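Reading through the structure tokens given below for one structure.
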Amino acid sequence: MADVKIKIETLSRIQTQLNAIVDEFENATGNSEALEAAIGNPYSRGELRDKAQDFEERWDDKRDELKEGLKELHDHVKGVVEGFENWDSETALQFQSNSSVQAPGAPGGTAPSSPAAV
């Protein structure tokens with residue numbers, strides 16, 4: 001299997017974009033109601049507004065399904081980003097603590113001790 005390399009910044013950007021899309025989907029009903037109000041009854045006829053309302057009602061269910069799927073994807077990406085960032089921080093701390101304790105005989109380390117005479 002080939003290695004997969006993804007920059008954490010790319011995943012963070014995807015997470016932000018998914019969040020914006022979910023927000024837009026959550027506001028879609030209010031936006032469609034504003035559209036219907038803006039359409040009004042031109043020439044005392046409401047067919048266009050009725051068509052917009054009909055479309056909105058049929059699209060509501062599908063939009064909710066899509067929104068839930070996007071929320072799940074967002075949460076998954078967020079978990080990957082947070083998991084990697086936590087792992088990265090913990091690994092950095094381990095490297096820092098390991099570099100402060102140097103092996104005997106290494107430059108800057110303690111001199112090897114001679115065995116005690118018995």
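How things are named: the first chain in the structure tokens is A, the next is B, and so on; residues count from 1 in each chain; ligands count from 1 in the order shown.
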
message = What's around Val80 in chain A at 12 Å? Count only C-alpha atoms, leave out sequence neighbours fewer than 5 positions away in its own chain, and write the answer as a PyMOL selection string.
response = chain A and resi 6-12+14-15+73-75+85-88

Write out as an mmCIF file with N, CA and C atoms, in the first residue's frame the residues lying within 7 Å of range 20-23 of chain A, counting only C-alpha atoms and excluding same-chain residues fewer than 2 positions away.
data_model
loop_
_atom_site.group_PDB
_atom_site.id
_atom_site.type_symbol
_atom_site.label_atom_id
_atom_site.label_comp_id
_atom_site.auth_asym_id
_atom_site.auth_seq_id
_atom_site.Cartn_x
_atom_site.Cartn_y
_atom_site.Cartn_z
ATOM 1 N N THR A 16 -12.580 23.729 8.523
ATOM 2 C CA THR A 16 -13.190 25.064 8.539
ATOM 3 C C THR A 16 -14.223 25.203 7.421
ATOM 4 N N GLN A 17 -13.887 24.713 6.240
ATOM 5 C CA GLN A 17 -14.808 24.806 5.110
ATOM 6 C C GLN A 17 -16.059 23.967 5.340
ATOM 7 N N LEU A 18 -15.894 22.773 5.876
ATOM 8 C CA LEU A 18 -17.056 21.932 6.174
ATOM 9 C C LEU A 18 -17.964 22.601 7.193
ATOM 10 N N PHE A 25 -26.078 25.406 5.291
ATOM 11 C CA PHE A 25 -27.229 24.509 5.192
ATOM 12 C C PHE A 25 -28.226 24.781 6.315
ATOM 13 N N GLU A 26 -27.714 25.085 7.502
ATOM 14 C CA GLU A 26 -28.616 25.364 8.622
ATOM 15 C C GLU A 26 -29.386 26.662 8.411
ATOM 16 N N ASN A 27 -28.807 27.606 7.689
ATOM 17 C CA ASN A 27 -29.461 28.890 7.428
ATOM 18 C C ASN A 27 -30.288 28.880 6.143
ATOM 19 N N LYS A 67 -26.804 17.573 5.182
ATOM 20 C CA LYS A 67 -26.225 18.325 6.291
ATOM 21 C C LYS A 67 -25.717 17.387 7.380
ATOM 22 N N LEU A 70 -22.527 15.816 6.232
ATOM 23 C CA LEU A 70 -21.436 16.789 6.298
ATOM 24 C C LEU A 70 -20.981 17.023 7.743
ATOM 25 N N LYS A 71 -21.937 17.037 8.666
ATOM 26 C CA LYS A 71 -21.578 17.180 10.090
ATOM 27 C C LYS A 71 -20.715 16.001 10.537
#

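Interatomic distance, CA of Leu48 in chain A against CA of Ala34 in chain A: 13.9 Å.
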
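Of the residues under consideration (A:Glu90, A:Glu72, A:Glu82, A:Glu36), A:Glu36 shows the shortest atom-to-atom contact distance to Glu56 in chain A when counting only C-alpha atoms.
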
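Here CA of Glu33 in chain A and CA of Asp64 in chain A stand 16.3 Å from one another.
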
request  = Return the single residue from A:Arg58, A:Gly69, A:Gln53, A:Ala28 that is closest to Gly40 in chain A, with distances computed using only C-alpha atoms.
outcome  = A:Gln53
